[in-house]
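One file, target.txt, carrying compact mmCIF, C-alpha atoms and all ligand atoms:
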```txt
# COMPACT_ATOMS: atom_id res chain seq x y z
CA MET A 280 0.00 0.00 0.00
CA THR A 281 1.03 3.49 -0.64
CA CYS A 282 1.00 5.58 2.45
CA LEU A 283 0.57 9.02 3.84
CA LYS A 284 4.21 9.79 4.37
CA ARG A 285 4.28 12.82 2.15
CA LEU A 286 1.07 14.42 3.19
CA LEU A 287 0.56 17.48 5.31
CA PRO A 288 -2.46 17.85 7.52
CA ALA A 289 -4.68 20.49 6.05
CA LEU A 290 -7.76 22.57 6.34
CA ILE A 291 -11.18 21.09 5.92
CA VAL A 292 -12.39 22.00 2.50
CA LEU A 293 -16.08 22.63 2.74
CA ALA A 294 -16.52 24.41 -0.52
CA LEU A 295 -18.09 22.53 -3.34
CA LEU A 296 -15.57 22.04 -6.06
CA ALA A 297 -18.28 22.09 -8.63
CA GLY A 298 -22.00 22.29 -8.91
CA ILE A 299 -24.04 19.29 -7.91
CA SER A 300 -25.51 19.22 -11.37
CA GLY A 301 -22.83 16.67 -12.09
CA CYS A 302 -24.38 13.95 -10.00
CA GLY A 303 -27.11 12.71 -12.19
CA ILE A 304 -25.46 10.32 -14.59
CA LYS A 305 -26.34 6.75 -13.93
CA LEU A 306 -24.77 3.90 -15.72
CA GLN A 307 -27.05 1.20 -16.99
CA TYR A 308 -25.77 -2.09 -18.21
CA GLN A 309 -26.87 -4.29 -21.02
CA GLY A 310 -27.75 -7.74 -19.96
CA GLU A 311 -28.67 -9.28 -16.67
CA PRO A 312 -26.49 -11.13 -14.29
CA GLY A 313 -27.17 -14.78 -14.14
CA GLY A 314 -26.21 -17.80 -12.17
CA ALA A 315 -27.65 -19.30 -9.05
CA ALA A 316 -26.70 -16.36 -6.93
CA SER A 317 -28.29 -13.69 -9.03
CA PRO A 318 -28.08 -10.16 -7.73
CA SER A 319 -30.94 -7.80 -8.39
CA ALA A 320 -29.01 -5.83 -10.93
CA GLY A 321 -25.72 -6.16 -12.65
CA ALA A 322 -23.80 -6.87 -15.75
CA GLY A 323 -23.73 -9.72 -18.09
CA VAL A 324 -25.19 -13.09 -18.76
CA SER A 325 -23.54 -16.04 -17.17
CA THR A 326 -22.86 -18.59 -19.82
CA PRO A 327 -19.44 -19.99 -19.15
CA PRO A 328 -16.88 -19.58 -21.87
CA SER A 329 -16.02 -22.65 -23.84
CA ALA A 330 -12.55 -22.93 -25.10
CA ASP A 331 -9.55 -25.06 -24.58
CA ALA A 332 -6.04 -24.43 -25.53
CA SER A 333 -2.57 -24.76 -24.22
CA ALA A 334 -0.65 -21.88 -22.86
CA SER A 335 1.34 -19.81 -25.25
CA PRO A 336 2.95 -16.80 -23.66
CA GLU A 337 3.15 -14.00 -26.18
CA ASP A 338 5.09 -11.37 -24.33
CA ASP A 339 8.20 -11.44 -22.25
CA GLY A 340 6.86 -8.51 -20.22
CA GLY A 341 10.24 -6.91 -20.00
CA ALA A 342 9.86 -3.19 -19.90
CA SER A 343 12.86 -1.38 -21.21
CA PRO A 344 14.74 0.74 -18.70
CA SER A 345 13.61 4.32 -18.65
CA PRO A 346 15.46 7.53 -18.02
CA SER A 347 12.51 8.73 -15.94
CA VAL A 348 13.03 8.77 -12.22
CA PRO A 349 10.51 8.88 -9.38
CA PRO A 350 10.00 12.31 -7.86
CA SER A 351 12.31 13.10 -5.00
CA PRO A 352 10.84 14.74 -1.88
CA GLU A 353 12.61 18.04 -2.40
CA ASN A 354 10.71 18.62 -5.63
CA LEU A 355 7.32 18.30 -3.99
CA VAL A 356 4.98 21.25 -3.61
CA PRO A 357 1.65 21.56 -1.79
CA TYR A 358 -1.47 21.12 -3.88
CA ASN A 359 -4.94 22.18 -2.78
CA GLY A 360 -6.85 22.29 -6.05
CA VAL A 361 -9.24 19.81 -7.61
CA VAL A 362 -7.99 16.25 -7.64
CA GLU A 363 -9.23 14.86 -10.94
CA HIS A 364 -10.81 11.41 -10.92
CA LEU A 365 -11.33 9.24 -13.96
CA PHE A 366 -12.76 5.76 -13.91
CA PHE A 367 -12.66 2.89 -16.33
CA HIS A 368 -14.31 -0.46 -16.72
CA PRO A 369 -12.25 -3.44 -17.86
CA VAL A 370 -10.79 -2.70 -21.28
CA VAL A 371 -11.65 -4.52 -24.49
CA ALA A 372 -8.74 -6.76 -25.46
CA TYR A 373 -10.29 -8.05 -28.69
CA PRO A 374 -12.62 -5.55 -30.40
CA GLU A 375 -13.63 -8.19 -32.97
CA LEU A 376 -15.23 -10.21 -30.16
CA ALA A 377 -16.71 -7.21 -28.35
CA PHE A 378 -18.17 -5.57 -31.44
CA ASP A 379 -19.55 -8.62 -33.21
CA GLY A 380 -23.16 -7.45 -33.37
CA ASP A 381 -24.45 -9.49 -30.44
CA SER A 382 -26.66 -8.26 -27.60
CA GLN A 383 -23.70 -7.06 -25.53
CA GLN A 384 -22.17 -4.88 -28.25
CA LYS A 385 -24.03 -1.68 -27.46
CA GLY A 386 -23.32 -1.77 -23.72
CA ILE A 387 -19.65 -2.52 -24.25
CA ASP A 388 -19.40 0.30 -26.78
CA GLU A 389 -21.01 2.69 -24.34
CA TYR A 390 -19.24 1.79 -21.10
CA MET A 391 -15.83 0.49 -22.10
CA VAL A 392 -12.71 1.57 -23.93
CA THR A 393 -10.47 -0.65 -26.01
CA VAL A 394 -6.84 -1.47 -25.27
CA SER A 395 -5.78 0.79 -28.12
CA GLU A 396 -7.80 3.70 -26.67
CA TYR A 397 -6.58 3.02 -23.14
CA ASP A 398 -2.93 3.01 -24.24
CA LYS A 399 -3.40 6.39 -25.93
CA MET A 400 -5.32 7.83 -22.97
CA LEU A 401 -2.56 6.92 -20.52
CA GLN A 402 0.09 8.38 -22.78
CA SER A 403 -1.93 11.58 -23.21
CA MET A 404 -2.56 11.99 -19.47
CA TYR A 405 1.13 11.45 -18.82
CA ASP A 406 2.04 13.99 -21.51
CA LYS A 407 -0.37 16.48 -19.92
CA ASN A 408 1.54 16.21 -16.64
CA TYR A 409 -0.94 14.25 -14.59
CA VAL A 410 0.43 12.18 -11.75
CA ILE A 411 -1.56 9.32 -10.29
CA VAL A 412 -2.29 9.63 -6.57
CA ASP A 413 -3.87 7.18 -4.17
CA TRP A 414 -7.52 8.02 -3.43
CA ASN A 415 -6.88 7.11 0.20
CA ASP A 416 -4.21 9.80 0.39
CA VAL A 417 -6.62 12.56 -0.62
CA TRP A 418 -8.89 12.24 2.41
CA SER A 419 -8.21 11.76 6.10
CA GLU A 420 -10.47 11.14 9.03
CA GLN A 421 -10.01 13.42 12.02
CA THR A 422 -11.84 13.95 15.28
CA ASP A 423 -13.20 17.42 16.01
CA VAL A 424 -13.34 19.10 19.43
CA ALA A 425 -16.75 17.58 20.10
CA GLY A 426 -15.32 14.13 19.49
CA ASN A 427 -17.02 13.60 16.15
CA GLY A 428 -15.22 12.05 13.23
CA ARG A 429 -14.84 14.31 10.21
CA MET A 430 -13.38 13.72 6.81
CA VAL A 431 -10.66 16.20 5.91
CA LYS A 432 -9.15 16.95 2.53
CA ASN A 433 -5.40 16.59 2.72
CA THR A 434 -2.91 18.93 1.14
CA LEU A 435 -1.19 16.63 -1.29
CA MET A 436 2.53 17.06 -1.79
CA ILE A 437 3.14 16.51 -5.47
CA PRO A 438 5.95 17.20 -7.92
CA ALA A 439 6.01 20.80 -9.14
CA GLY A 440 4.16 21.19 -12.43
CA LYS A 441 2.13 18.00 -12.02
CA LYS A 442 -1.63 17.62 -11.60
CA PRO A 443 -3.01 14.90 -9.32
CA LEU A 444 -5.29 12.25 -10.77
CA ILE A 445 -7.14 9.37 -9.16
CA LEU A 446 -7.87 6.36 -11.31
CA SER A 447 -10.52 3.78 -10.45
CA TYR A 448 -11.69 0.65 -12.20
CA ASP A 449 -15.19 -0.72 -11.76
CA ASP A 450 -16.25 -4.36 -11.93
CA VAL A 451 -12.78 -5.89 -12.00
CA CYS A 452 -14.33 -9.32 -11.60
CA TYR A 453 -13.95 -10.74 -15.12
CA TYR A 454 -17.64 -11.56 -15.35
CA ASP A 455 -18.69 -14.51 -17.47
CA TYR A 456 -20.22 -12.23 -20.12
CA MET A 457 -16.95 -10.35 -20.45
CA ARG A 458 -15.00 -13.54 -21.07
CA GLN A 459 -17.28 -14.22 -24.00
CA ASN A 460 -16.95 -10.76 -25.42
CA GLY A 461 -13.31 -9.93 -25.93
CA PHE A 462 -12.00 -9.28 -22.42
CA THR A 463 -9.28 -11.05 -20.47
CA TYR A 464 -10.31 -13.87 -18.09
CA LYS A 465 -8.30 -13.27 -14.95
CA LEU A 466 -5.09 -11.99 -13.44
CA VAL A 467 -2.34 -14.51 -12.82
CA ILE A 468 1.20 -14.42 -11.47
CA LYS A 469 3.90 -15.58 -13.79
CA ASP A 470 7.62 -15.09 -13.42
CA GLY A 471 6.99 -13.03 -10.29
CA ALA A 472 4.76 -10.49 -12.03
CA LEU A 473 1.09 -9.94 -12.79
CA TRP A 474 -0.20 -11.02 -16.19
CA SER A 475 -3.62 -11.47 -17.66
CA TYR A 476 -4.81 -14.81 -18.91
CA GLY A 477 -7.44 -15.21 -21.57
CA LEU A 478 -8.36 -16.68 -24.88
CA ASP A 479 -7.80 -14.98 -28.19
CA PRO A 480 -10.47 -15.03 -30.94
CA LYS A 481 -9.11 -18.37 -32.18
CA GLY A 482 -9.49 -19.90 -28.72
CA SER A 483 -5.80 -20.04 -27.94
CA ALA A 484 -4.63 -19.28 -24.42
CA VAL A 485 -2.81 -15.99 -24.11
CA TYR A 486 -0.77 -14.66 -21.22
CA SER A 487 -0.09 -10.98 -21.71
CA GLN A 488 0.73 -7.69 -20.05
CA ASP A 489 -0.70 -5.70 -22.95
CA LEU A 490 -4.37 -6.68 -22.92
CA ASP A 491 -5.64 -5.77 -19.44
CA ALA A 492 -6.12 -2.35 -17.83
CA ILE A 493 -4.16 -3.40 -14.75
CA THR A 494 -1.09 -4.88 -16.37
CA ILE A 495 -1.00 -2.12 -18.98
CA LEU A 496 -0.88 0.55 -16.26
CA ASP A 497 1.72 -1.48 -14.34
CA LYS A 498 3.89 -1.55 -17.43
CA PHE A 499 3.33 2.12 -18.21
CA VAL A 500 4.30 3.22 -14.69
CA LYS A 501 7.36 1.00 -14.83
CA GLN A 502 8.40 2.84 -17.98
CA HIS A 503 7.30 6.24 -16.64
CA PRO A 504 7.73 6.21 -12.85
CA ASP A 505 6.93 9.92 -12.67
CA PHE A 506 3.35 9.14 -13.74
CA SER A 507 2.71 7.83 -10.22
CA LEU A 508 3.17 9.40 -6.79
CA ASN A 509 4.64 6.86 -4.36
CA GLY A 510 3.82 4.09 -6.79
CA ALA A 511 0.04 4.64 -6.60
CA LYS A 512 -2.00 2.88 -9.28
CA GLY A 513 -5.78 2.68 -8.99
CA CYS A 514 -8.79 1.59 -6.99
CA LEU A 515 -10.25 -1.75 -8.01
CA CYS A 516 -13.98 -1.57 -7.31
CA LEU A 517 -15.25 -5.07 -6.66
CA THR A 518 -18.61 -6.77 -6.61
CA GLY A 519 -18.81 -10.34 -5.37
CA TYR A 520 -21.54 -12.15 -7.30
CA GLN A 521 -19.12 -13.74 -9.73
CA GLY A 522 -16.11 -13.57 -7.48
CA ILE A 523 -13.22 -11.15 -7.79
CA LEU A 524 -10.27 -10.59 -10.11
CA GLY A 525 -11.25 -13.56 -12.27
CA TYR A 526 -11.55 -16.06 -9.41
CA ARG A 527 -14.96 -17.54 -8.65
CA THR A 528 -14.85 -16.99 -4.91
CA MET A 529 -18.62 -16.48 -4.46
CA THR A 530 -20.99 -18.81 -2.70
CA ASP A 531 -23.71 -20.47 -4.72
CA VAL A 532 -26.90 -20.67 -2.70
CA ASN A 533 -28.23 -23.38 -5.03
CA ASN A 534 -25.17 -25.57 -4.79
CA LYS A 535 -23.91 -26.18 -1.29
CA THR A 536 -22.28 -29.53 -2.00
CA PRO A 537 -18.87 -30.27 -0.51
CA GLN A 538 -17.50 -30.32 -4.04
CA ALA A 539 -18.75 -26.80 -4.74
CA GLU A 540 -17.30 -25.53 -1.48
CA ALA A 541 -13.99 -27.25 -2.17
CA ALA A 542 -13.85 -25.61 -5.60
CA ARG A 543 -14.61 -22.24 -4.01
CA GLN A 544 -11.90 -22.67 -1.41
CA LYS A 545 -9.44 -23.45 -4.18
CA GLU A 546 -10.35 -20.20 -5.93
CA ILE A 547 -10.00 -18.31 -2.65
CA GLU A 548 -6.51 -19.69 -2.12
CA ALA A 549 -5.62 -18.89 -5.73
CA VAL A 550 -6.71 -15.24 -5.52
CA LYS A 551 -4.87 -14.45 -2.27
CA PRO A 552 -1.42 -14.03 -3.85
CA ILE A 553 -2.99 -11.92 -6.61
CA ILE A 554 -4.47 -9.57 -4.00
CA ALA A 555 -1.13 -9.43 -2.19
CA MET A 556 0.76 -8.60 -5.35
CA LEU A 557 -1.76 -5.93 -6.36
CA ARG A 558 -1.46 -4.31 -2.94
CA ALA A 559 2.33 -4.47 -3.10
CA THR A 560 2.32 -2.70 -6.46
CA GLY A 561 0.14 0.30 -5.63
CA TRP A 562 -3.37 -1.03 -6.22
CA TYR A 563 -6.09 -0.80 -3.60
CA PHE A 564 -9.71 -1.83 -3.31
CA GLY A 565 -13.22 -0.50 -2.84
CA SER A 566 -16.69 -1.96 -2.57
CA HIS A 567 -19.00 -1.90 -5.58
CA SER A 568 -21.66 -3.86 -3.59
CA TRP A 569 -21.90 -7.66 -3.72
CA GLY A 570 -24.64 -7.88 -6.31
CA HIS A 571 -24.13 -4.68 -8.32
CA ILE A 572 -27.34 -3.47 -6.72
CA ASN A 573 -28.98 -0.19 -7.57
CA LEU A 574 -28.90 1.67 -4.27
CA SER A 575 -31.49 4.17 -5.48
CA THR A 576 -34.19 1.51 -5.82
CA VAL A 577 -33.58 -1.26 -3.27
CA SER A 578 -34.70 -1.43 0.35
CA LEU A 579 -32.49 -0.89 3.36
CA ALA A 580 -32.95 -4.57 4.26
CA ALA A 581 -31.71 -5.60 0.82
CA VAL A 582 -28.70 -3.30 1.16
CA GLN A 583 -27.93 -4.84 4.55
CA ARG A 584 -28.07 -8.39 3.16
CA ASP A 585 -25.94 -7.41 0.19
CA THR A 586 -23.40 -5.60 2.33
CA GLU A 587 -23.02 -8.49 4.79
CA ARG A 588 -22.43 -10.80 1.89
CA TRP A 589 -19.88 -8.42 0.40
CA PHE A 590 -17.95 -8.38 3.69
CA ASP A 591 -18.19 -12.18 3.99
CA GLU A 592 -17.01 -12.96 0.49
CA VAL A 593 -15.01 -9.93 -0.68
CA GLY A 594 -14.04 -7.85 2.32
CA SER A 595 -12.71 -10.97 4.02
CA LEU A 596 -10.22 -11.32 1.17
CA ILE A 597 -9.23 -7.75 0.36
CA GLY A 598 -9.20 -6.30 3.88
CA PRO A 599 -10.62 -3.03 5.21
CA THR A 600 -11.60 -0.26 2.83
CA LYS A 601 -13.27 3.11 3.30
CA LEU A 602 -14.20 3.37 -0.37
CA MET A 603 -17.75 2.70 -1.57
CA ILE A 604 -18.36 3.03 -5.29
CA TYR A 605 -22.05 3.12 -6.18
CA PRO A 606 -23.12 0.63 -8.87
CA PHE A 607 -24.69 2.48 -11.82
CA GLY A 608 -23.44 5.63 -10.10
CA ALA A 609 -26.80 5.56 -8.30
CA ARG A 610 -26.94 7.41 -5.00
CA PRO A 611 -29.16 5.97 -2.23
CA ASP A 612 -31.99 7.62 -0.31
CA GLY A 613 -33.36 9.78 -3.10
CA GLY A 614 -30.02 10.98 -4.40
CA ASP A 615 -30.03 14.37 -2.67
CA VAL A 616 -26.42 14.98 -1.66
CA THR A 617 -27.49 17.54 0.94
CA LYS A 618 -29.43 14.91 2.87
CA THR A 619 -28.29 11.79 4.67
CA GLY A 620 -30.73 8.91 4.54
CA PRO A 621 -30.92 5.50 6.23
CA ILE A 622 -29.02 3.56 3.56
CA PHE A 623 -26.15 6.06 3.55
CA LYS A 624 -26.09 5.96 7.37
CA TYR A 625 -26.02 2.18 7.34
CA LEU A 626 -23.15 1.99 4.85
CA GLN A 627 -21.23 4.62 6.82
CA SER A 628 -21.75 2.57 9.98
CA LYS A 629 -20.05 -0.34 8.22
CA GLY A 630 -16.85 1.69 7.84
CA PHE A 631 -17.26 3.37 4.46
CA ARG A 632 -16.22 7.02 4.45
CA VAL A 633 -15.80 7.95 0.77
CA PHE A 634 -18.87 7.44 -1.42
CA ALA A 635 -18.41 7.78 -5.14
CA SER A 636 -20.85 8.34 -7.94
CA VAL A 637 -20.41 9.33 -11.58
CA GLY A 638 -20.62 12.86 -12.90
CA ILE A 639 -19.47 15.54 -15.28
CA ASP A 640 -16.49 16.52 -13.15
CA ALA A 641 -14.52 15.53 -10.07
CA PHE A 642 -17.08 16.95 -7.69
CA SER A 643 -16.53 16.39 -3.99
CA LYS A 644 -18.34 17.41 -0.84
CA ILE A 645 -17.59 16.68 2.78
CA LYS A 646 -20.84 15.80 4.50
CA PRO A 647 -21.53 18.31 7.28
CA ASP A 648 -23.75 15.97 9.32
CA ILE A 649 -21.93 12.64 9.18
CA ASP A 650 -18.35 11.41 8.97
CA ALA A 651 -18.18 10.92 5.22
CA VAL A 652 -17.32 12.55 1.91
CA ILE A 653 -18.97 12.16 -1.46
CA ASN A 654 -17.07 12.18 -4.74
CA ASP A 655 -18.04 12.15 -8.39
CA ARG A 656 -15.84 10.51 -10.96
CA MET A 657 -15.62 11.27 -14.67
CA HIS A 658 -16.10 8.31 -16.96
CA ALA A 659 -13.64 7.29 -19.64
CA ASP A 660 -15.82 5.27 -22.00
CA GLY A 661 -17.42 5.14 -25.42
CA ASP A 662 -20.23 7.41 -24.32
CA THR A 663 -17.92 10.32 -23.50
CA LEU A 664 -15.53 9.55 -26.37
CA ARG A 665 -18.40 9.92 -28.80
CA GLY A 666 -20.31 12.73 -27.13
CA GLN A 667 -18.19 14.70 -24.68
CA ARG A 668 -14.91 15.37 -26.43
CA ASP A 669 -14.61 18.94 -25.09
CA ARG A 670 -15.10 17.99 -21.46
CA TYR A 671 -12.37 15.35 -21.62
CA LEU A 672 -9.80 17.35 -23.62
CA LYS A 673 -7.96 18.05 -20.39
CA PHE A 674 -7.14 14.34 -20.32
CA TYR A 675 -7.10 13.27 -23.97
CA ASP A 676 -8.53 14.14 -27.36
CA ALA A 677 -11.29 11.73 -28.39
CA LYS A 678 -10.46 12.45 -32.02
CA LEU A 679 -6.97 11.07 -31.57
CA VAL A 680 -7.94 8.23 -29.23
CA PHE A 681 -11.11 6.82 -30.78
CA ASP A 682 -10.76 3.22 -31.98
CA THR A 683 -12.13 2.74 -35.48
CA ALA A 684 -12.84 -0.87 -34.57
CA ARG A 685 -15.90 0.42 -32.72
CA PRO A 686 -19.30 0.09 -34.37
CA ASN A 687 -20.41 2.94 -36.57
CA TYR A 688 -22.73 4.72 -34.13
CA GLY A 689 -21.45 8.20 -34.96
CA VAL A 690 -19.66 10.82 -32.90
CA SER A 691 -20.65 14.37 -31.98
CA TRP A 692 -17.28 15.85 -32.94
CA ASP A 693 -17.24 14.55 -36.52
CA LYS A 694 -19.40 17.26 -37.97
ZN ZN A 701 -20.33 -1.38 -12.06
```

How does the structure come out when it is put into structure tokens?
Amino acid sequence: MTCLKRLLPALIVLALLAGISGCGIKLQYQGEPGGAASPSAGAGVSTPPSADASASPEDDGGASPSPSVPPSPENLVPYNGVVEHLFFHPVVAYPELAFDGDSQQKGIDEYMVTVSEYDKMLQSMYDKNYVIVDWNDVWSEQTDVAGNGRMVKNTLMIPAGKKPLILSYDDVCYYDYMRQNGFTYKLVIKDGALWSYGLDPKGSAVYSQDLDAITILDKFVKQHPDFSLNGAKGCLCLTGYQGILGYRTMTDVNNKTPQAEAARQKEIEAVKPIIAMLRATGWYFGSHSWGHINLSTVSLAAVQRDTERWFDEVGSLIGPTKLMIYPFGARPDGGDVTKTGPIFKYLQSKGFRVFASVGIDAFSKIKPDIDAVINDRMHADGDTLRGQRDRYLKFYDAKLVFDTARPNYGVSWDK
């Protein structure tokens, strides 16, 4: 884990960084989750992939040495401005499988970016002098004179001339529907490093560091260490209904046989070193609910059941986190950020302190009445590539990034 070594305590920032008009975007997914342990909302159908092939590593993973050096403490300056926040879904490794005209095509086009786009986006953000910071380093919890906990925005110490950026990644679970539609299958450790495993369009097994958002960023930071402050990478926002990180660690309420439990335990043991390696290399975790539930429409009782299950099956593996990332970007309790309803209170009581939605900018607001902060994240995806070029120019130019392998749905900037 990255740590707070280089932070200074700072003033509470109560001002809104932007209008709350940016809170309304809600992501909707194509498809329904399936399987015996169906959540009430989510992504993807659950037909298992069918393919068999022998391993054929395609990449030696060796990043060439770089002249870049990590920032040294004496070059750090205090930063109190907006901390930008961009989130991704898993990236499309094989556009020909993602954009093949099936029922998932439209959702993938709207909510995902391709490897080619992701590569260009990272390069552009690096060129524009962004530096990745750890979300956990941006906020601290302090106790006021009355003994109440309060979230406080830290003064980040960052290299002069750089702009801080949080990255987060939703649904890093390698859902069954993704495996069928051109995404990688799981993270694995090979030769002491993280790789993705998956099948190419011909059904051949592929181990790579160039096809998955996580390994691509790992490689990029290795080549450009000054793209990351203290080695920070991104927040992996995890549901639990199809396990985590490509490992099927979930319980199946319709199959409680000893064989099923033994298989689950095997997956749990297999994912533990992956979690440890992610943590050791700057990644950290947040909750995205167990069942990808829509917090704006479900009951408090349903949220409680879902949250207990998330802690049992996901939290037990990844450890404590203060980060709660709303599925669909949907805020609970009516969505009014000036109010604090029973679902928000319940989630806060379970240890969550930072609650993230999706919006038009990196909005943030410290709650005045409860120990918590709310954040909006901007969304790097097909929707904003096609329709919001101007808003994202500070990060990258959609015109230069857009993958022509996408379906021909049109773009707003090609007039
Ligand atoms: Zn999600």

Output the neighbourhood of ligand ZN 701 (chain A) as an mmCIF file with C-alpha atoms, keeping the file's coordinate frame, that is, all protein and nucleic acid residues with some atom at most 6 Å from the ligand, counting only C-alpha atoms and all ligand atoms.
```cif
data_model
loop_
_atom_site.group_PDB
_atom_site.id
_atom_site.type_symbol
_atom_site.label_atom_id
_atom_site.label_comp_id
_atom_site.auth_asym_id
_atom_site.auth_seq_id
_atom_site.Cartn_x
_atom_site.Cartn_y
_atom_site.Cartn_z
ATOM 1 C CA ASP A 449 -15.190 -0.720 -11.760
ATOM 2 C CA ASP A 450 -16.250 -4.360 -11.930
ATOM 3 C CA PRO A 606 -23.120 0.630 -8.870
ATOM 4 C CA PHE A 607 -24.690 2.480 -11.820
#
```

Pairwise distance for CA of Leu626 in chain A and CA of Ile649 in chain A, rounded to one decimal in Å
11.6 Å

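Taking all atoms listed in the file into account, Ile495 in chain A lies nearest to A:Leu401 out of the set A:Cys452, A:Leu596, A:Leu401, A:Ala641.
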
Name the residues in contact with Gln384 in chain A at a cut-off of 10 Å, using all atoms listed in the file, excluding same-chain residues fewer than 5 positions from it; report them as a PyMOL selection string.
chain A and resi 309+374+376-379+389+460+685-686

Polymer residues at most 12 Å from Arg558 in chain A, only C-alpha atoms, same-chain spacing of 5 or more positions, as a PDB file with C-alpha atoms, keeping the file's coordinate frame:
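Listing of result.pdb after writing:
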```pdb
ATOM      1  CA  MET A 280       0.000   0.000   0.000  1.00  0.00           C
ATOM      2  CA  THR A 281       1.030   3.490  -0.640  1.00  0.00           C
ATOM      3  CA  CYS A 282       1.000   5.580   2.450  1.00  0.00           C
ATOM      4  CA  ASP A 413      -3.870   7.180  -4.170  1.00  0.00           C
ATOM      5  CA  LEU A 473       1.090  -9.940 -12.790  1.00  0.00           C
ATOM      6  CA  GLY A 510       3.820   4.090  -6.790  1.00  0.00           C
ATOM      7  CA  ALA A 511       0.040   4.640  -6.600  1.00  0.00           C
ATOM      8  CA  LYS A 512      -2.000   2.880  -9.280  1.00  0.00           C
ATOM      9  CA  GLY A 513      -5.780   2.680  -8.990  1.00  0.00           C
ATOM     10  CA  CYS A 514      -8.790   1.590  -6.990  1.00  0.00           C
ATOM     11  CA  LEU A 515     -10.250  -1.750  -8.010  1.00  0.00           C
ATOM     12  CA  LYS A 551      -4.870 -14.450  -2.270  1.00  0.00           C
ATOM     13  CA  PRO A 552      -1.420 -14.030  -3.850  1.00  0.00           C
ATOM     14  CA  ILE A 553      -2.990 -11.920  -6.610  1.00  0.00           C
ATOM     15  CA  TYR A 563      -6.090  -0.800  -3.600  1.00  0.00           C
ATOM     16  CA  PHE A 564      -9.710  -1.830  -3.310  1.00  0.00           C
ATOM     17  CA  LEU A 596     -10.220 -11.320   1.170  1.00  0.00           C
ATOM     18  CA  ILE A 597      -9.230  -7.750   0.360  1.00  0.00           C
ATOM     19  CA  GLY A 598      -9.200  -6.300   3.880  1.00  0.00           C
TER      20      GLY A 598
END
```

List as a PDB file with C-alpha atoms, in the frame of the given file the protein and nucleic acid residues near range 521-525 of chain A, meaning an atom at most 8 Å away when all atoms listed in the file are counted, but skip any in the same chain fewer than 2 places from it.
```pdb
ATOM      1  CA  VAL A 451     -12.780  -5.890 -12.000  1.00  0.00           C
ATOM      2  CA  CYS A 452     -14.330  -9.320 -11.600  1.00  0.00           C
ATOM      3  CA  TYR A 453     -13.950 -10.740 -15.120  1.00  0.00           C
ATOM      4  CA  TYR A 454     -17.640 -11.560 -15.350  1.00  0.00           C
ATOM      5  CA  ASP A 455     -18.690 -14.510 -17.470  1.00  0.00           C
ATOM      6  CA  TYR A 464     -10.310 -13.870 -18.090  1.00  0.00           C
ATOM      7  CA  LYS A 465      -8.300 -13.270 -14.950  1.00  0.00           C
ATOM      8  CA  LEU A 466      -5.090 -11.990 -13.440  1.00  0.00           C
ATOM      9  CA  LEU A 517     -15.250  -5.070  -6.660  1.00  0.00           C
ATOM     10  CA  THR A 518     -18.610  -6.770  -6.610  1.00  0.00           C
ATOM     11  CA  GLY A 519     -18.810 -10.340  -5.370  1.00  0.00           C
ATOM     12  CA  ARG A 527     -14.960 -17.540  -8.650  1.00  0.00           C
ATOM     13  CA  THR A 528     -14.850 -16.990  -4.910  1.00  0.00           C
ATOM     14  CA  MET A 529     -18.620 -16.480  -4.460  1.00  0.00           C
ATOM     15  CA  VAL A 550      -6.710 -15.240  -5.520  1.00  0.00           C
ATOM     16  CA  VAL A 593     -15.010  -9.930  -0.680  1.00  0.00           C
TER      17      VAL A 593
END
```

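Nearest to Tyr486 in chain A of all the residues A:Thr600, A:Thr463, A:Thr530, A:Ser447 is A:Thr463, based on all atoms listed in the file.
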
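In terms of minimum interatomic distance to Asp479 in chain A, A:Val371 ranks closest within A:Ser566, A:Val371, A:Gly613, A:Lys629, counting all atoms listed in the file.
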
Find the spatial neighbours of Val394 in chain A, counting only C-alpha atoms, within a cut-off of 6 Å - ignore same-chain residues fewer than 2 positions away - and output them as a PDB file with C-alpha atoms, keeping the file's coordinate frame.
```
ATOM      1  CA  VAL A 370     -10.790  -2.700 -21.280  1.00  0.00           C
ATOM      2  CA  VAL A 371     -11.650  -4.520 -24.490  1.00  0.00           C
ATOM      3  CA  ALA A 372      -8.740  -6.760 -25.460  1.00  0.00           C
ATOM      4  CA  GLU A 396      -7.800   3.700 -26.670  1.00  0.00           C
ATOM      5  CA  TYR A 397      -6.580   3.020 -23.140  1.00  0.00           C
TER       6      TYR A 397
END
```

Residue list as an NGL selection string for point (0.8, 12.2, -20.3), cut-off 12 Å, all atoms listed in the file:
:A and (398-411 or 441-444 or 499-500 or 503-507 or 673-676)

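Between CA of Thr619 in chain A and CA of Ala651 in chain A the separation is 10.2 Å.
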
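The coordinates place CA of Leu365 in chain A at 21.7 Å from CA of Ile572 in chain A.
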
The centre and edge lengths of an axis-aligned box containing all atoms of range 436-448 of chain A present in the file, extended by 3 Å on each side, are to be given in Å to one decimal, as JSON.
```
{"center_x": -2.8, "center_y": 10.9, "center_z": -7.1, "size_x": 23.7, "size_y": 26.5, "size_z": 16.6}
```

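With all atoms listed in the file as the basis for measurement, A:Lys501 is the residue among A:Lys501, A:Arg543, A:Arg632, A:Arg668 that approaches Thr560 in chain A most closely.
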